[in-house]
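Enquirer: Sharing a structure below in structure tokens format, with a few things to ask.
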Amino acid sequence: MSLKKSTYMFKGRSHSRDGLISMAIGIAVVGTFSTISFLSGKAGGNGSMGLGAIGLTCFVGSIWGFLFGIKSFKDKDIYYAPPIIGLGSNGIMMVVLFTLYIIGILS
């Protein structure tokens with residue numbers, strides 16, 4: 001007795017444009033944050049104002065990416081992996097960057 005392979009076709013699903021934008025922003029923010037963290041560590045924690053400006057830009061970018069991710073969930077019949085990756089990475093980076101700025105202000 002052979003088992004038939006069940007095939008499910010999800011017709012009509014597509015990738016949400018906003019979800020893909022959210023994922024791309026999230027990946028870019030994580031990569032940029034890793035780079036500026038490495039450069040700041042190499043400078044002994046005394047990075048230039050340029051690194052701080054890039055970090056602030058990353059924070060604003062993660063907010064935009066998070067908003068794009070939320071907006072993409074309003075679309076119908078989409079693949080949910082890109083918006084979830086975008087929401088997760090942007091949300092985590094928002095918390096990390098906000099915490100770093102608060103610690104910097106308090107110290």
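Scheme for the structure tokens: letters A, B, ... for chains in order shown; per-chain residue numbers from 1; ligand numbers from 1 in order shown.
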Which residues, written as a PyMOL selection string, have at least one atom at most 10 Å from Phe66 of chain A, with only C-alpha atoms counted and residues fewer than 2 positions away on the same chain left out?

Expert: chain A and resi 19+21-23+25-26+60-64+68-72+83-84+86-94

Enquirer: Selected residues, N, CA, C and O atoms, written as a CSV table (one decimal), in the first residue's frame, please.

Expert:
```csv
chain,number,residue,atom,x,y,z
A,19,GLY,N,5.8,44.1,4.1
A,19,GLY,CA,6.5,43.1,4.9
A,19,GLY,C,7.9,42.9,4.4
A,19,GLY,O,8.8,42.7,5.3
A,21,ILE,N,9.7,45.2,2.9
A,21,ILE,CA,10.4,46.4,3.3
A,21,ILE,C,10.8,46.4,4.8
A,21,ILE,O,11.9,46.7,5.2
A,22,SER,N,9.9,45.9,5.6
A,22,SER,CA,10.1,45.7,7.1
A,22,SER,C,11.3,44.8,7.3
A,22,SER,O,12.2,45.1,8.1
A,23,MET,N,11.3,43.7,6.6
A,23,MET,CA,12.4,42.7,6.8
A,23,MET,C,13.7,43.3,6.3
A,23,MET,O,14.7,43.1,7.0
A,25,ILE,N,14.6,46.5,6.2
A,25,ILE,CA,15.0,47.5,7.2
A,25,ILE,C,15.6,46.8,8.4
A,25,ILE,O,16.6,47.2,9.0
A,26,GLY,N,14.9,45.7,8.9
A,26,GLY,CA,15.4,45.0,10.1
A,26,GLY,C,16.8,44.4,9.9
A,26,GLY,O,17.6,44.6,10.8
A,60,VAL,N,15.7,55.3,14.4
A,60,VAL,CA,14.6,55.8,13.6
A,60,VAL,C,14.2,54.8,12.5
A,60,VAL,O,13.0,54.6,12.3
A,61,GLY,N,15.2,54.2,11.9
A,61,GLY,CA,14.9,53.2,10.9
A,61,GLY,C,14.2,52.0,11.5
A,61,GLY,O,13.3,51.4,10.8
A,62,SER,N,14.5,51.6,12.7
A,62,SER,CA,13.8,50.4,13.3
A,62,SER,C,12.4,50.8,13.6
A,62,SER,O,11.5,49.9,13.6
A,63,ILE,N,12.1,52.0,14.0
A,63,ILE,CA,10.7,52.5,14.2
A,63,ILE,C,9.9,52.4,12.9
A,63,ILE,O,8.8,51.8,12.9
A,64,TRP,N,10.5,52.9,11.8
A,64,TRP,CA,9.9,52.8,10.5
A,64,TRP,C,9.6,51.4,10.1
A,64,TRP,O,8.6,51.0,9.6
A,68,PHE,N,6.1,49.5,9.3
A,68,PHE,CA,5.8,48.8,8.0
A,68,PHE,C,5.4,47.4,8.3
A,68,PHE,O,4.5,46.8,7.6
A,69,GLY,N,6.0,46.7,9.3
A,69,GLY,CA,5.6,45.4,9.6
A,69,GLY,C,4.2,45.3,10.1
A,69,GLY,O,3.4,44.4,9.8
A,70,ILE,N,3.8,46.2,11.0
A,70,ILE,CA,2.4,46.2,11.5
A,70,ILE,C,1.4,46.5,10.3
A,70,ILE,O,0.4,45.9,10.2
A,71,LYS,N,1.8,47.4,9.4
A,71,LYS,CA,0.9,47.8,8.3
A,71,LYS,C,0.8,46.6,7.4
A,71,LYS,O,-0.3,46.4,6.8
A,72,SER,N,1.8,45.7,7.3
A,72,SER,CA,1.7,44.6,6.3
A,72,SER,C,0.7,43.5,6.8
A,72,SER,O,0.2,42.7,6.0
A,83,PRO,N,7.0,39.6,7.3
A,83,PRO,CA,6.6,40.6,8.3
A,83,PRO,C,7.0,40.2,9.7
A,83,PRO,O,7.3,41.1,10.5
A,84,ILE,N,7.0,38.9,10.0
A,84,ILE,CA,7.3,38.5,11.4
A,84,ILE,C,8.8,38.7,11.6
A,84,ILE,O,9.2,39.2,12.7
A,86,GLY,N,10.7,41.0,10.1
A,86,GLY,CA,10.8,42.4,10.2
A,86,GLY,C,10.4,43.0,11.6
A,86,GLY,O,11.1,43.8,12.2
A,87,LEU,N,9.2,42.5,12.1
A,87,LEU,CA,8.7,43.0,13.4
A,87,LEU,C,9.7,42.5,14.5
A,87,LEU,O,9.9,43.3,15.4
A,88,GLY,N,10.1,41.3,14.4
A,88,GLY,CA,11.0,40.8,15.5
A,88,GLY,C,12.3,41.5,15.6
A,88,GLY,O,12.7,42.0,16.6
A,89,SER,N,13.0,41.7,14.4
A,89,SER,CA,14.3,42.3,14.4
A,89,SER,C,14.2,43.8,14.7
A,89,SER,O,15.0,44.3,15.5
A,90,ASN,N,13.2,44.5,14.1
A,90,ASN,CA,13.0,45.9,14.4
A,90,ASN,C,12.6,46.2,15.8
A,90,ASN,O,13.1,47.1,16.5
A,91,GLY,N,11.7,45.3,16.4
A,91,GLY,CA,11.3,45.5,17.8
A,91,GLY,C,12.4,45.3,18.8
A,91,GLY,O,12.6,46.1,19.7
A,92,ILE,N,13.2,44.3,18.5
A,92,ILE,CA,14.4,44.0,19.4
A,92,ILE,C,15.4,45.1,19.3
A,92,ILE,O,15.9,45.6,20.4
A,93,MET,N,15.6,45.6,18.1
A,93,MET,CA,16.6,46.7,18.0
A,93,MET,C,16.1,48.0,18.5
A,93,MET,O,16.9,48.8,19.1
A,94,MET,N,14.8,48.3,18.5
A,94,MET,CA,14.3,49.5,19.1
A,94,MET,C,14.5,49.4,20.6
A,94,MET,O,15.0,50.4,21.2
```

Enquirer: List every residue of chain A that DSSP, applied to the backbone, labels as alpha helix (DSSP H), and write the result as a ChimeraX atom specification.

Expert: /A:17-42,49-72,81-106

Enquirer: Rank nothing, just name the residue among A:Leu67, A:Leu97, A:Ile78, A:Ala24 nearest to Ile36 of chain A, using only C-alpha atoms.

Expert: A:Leu97

Enquirer: Do you know which residues are at most 12 Å from Tyr101 of chain A counting only C-alpha atoms, after dropping those on the same chain fewer than 4 positions away, and could you put them as a ChimeraX atom specification?

Expert: /A:52-53,55-56,59,94-97,105-107

Enquirer: Atom CA of Gly65 of chain A and atom CA of Ser14 of chain A are how many Å apart?

Expert: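 Interatomic distance, atom CA of Gly65 of chain A to atom CA of Ser14 of chain A: 19.4 Å.
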
Enquirer: For a quick check of understanding, using only C-alpha atoms, which of A:Gly41, A:Gly50, A:Gly31, A:Gly12 has the smallest distance to Lys76 of chain A?

Expert: A:Gly12

Enquirer: Record the distance separating atom CA of Asp77 of chain A and atom CA of Arg17 of chain A, expressed in Å with one decimal.

Expert: 12.5 Å
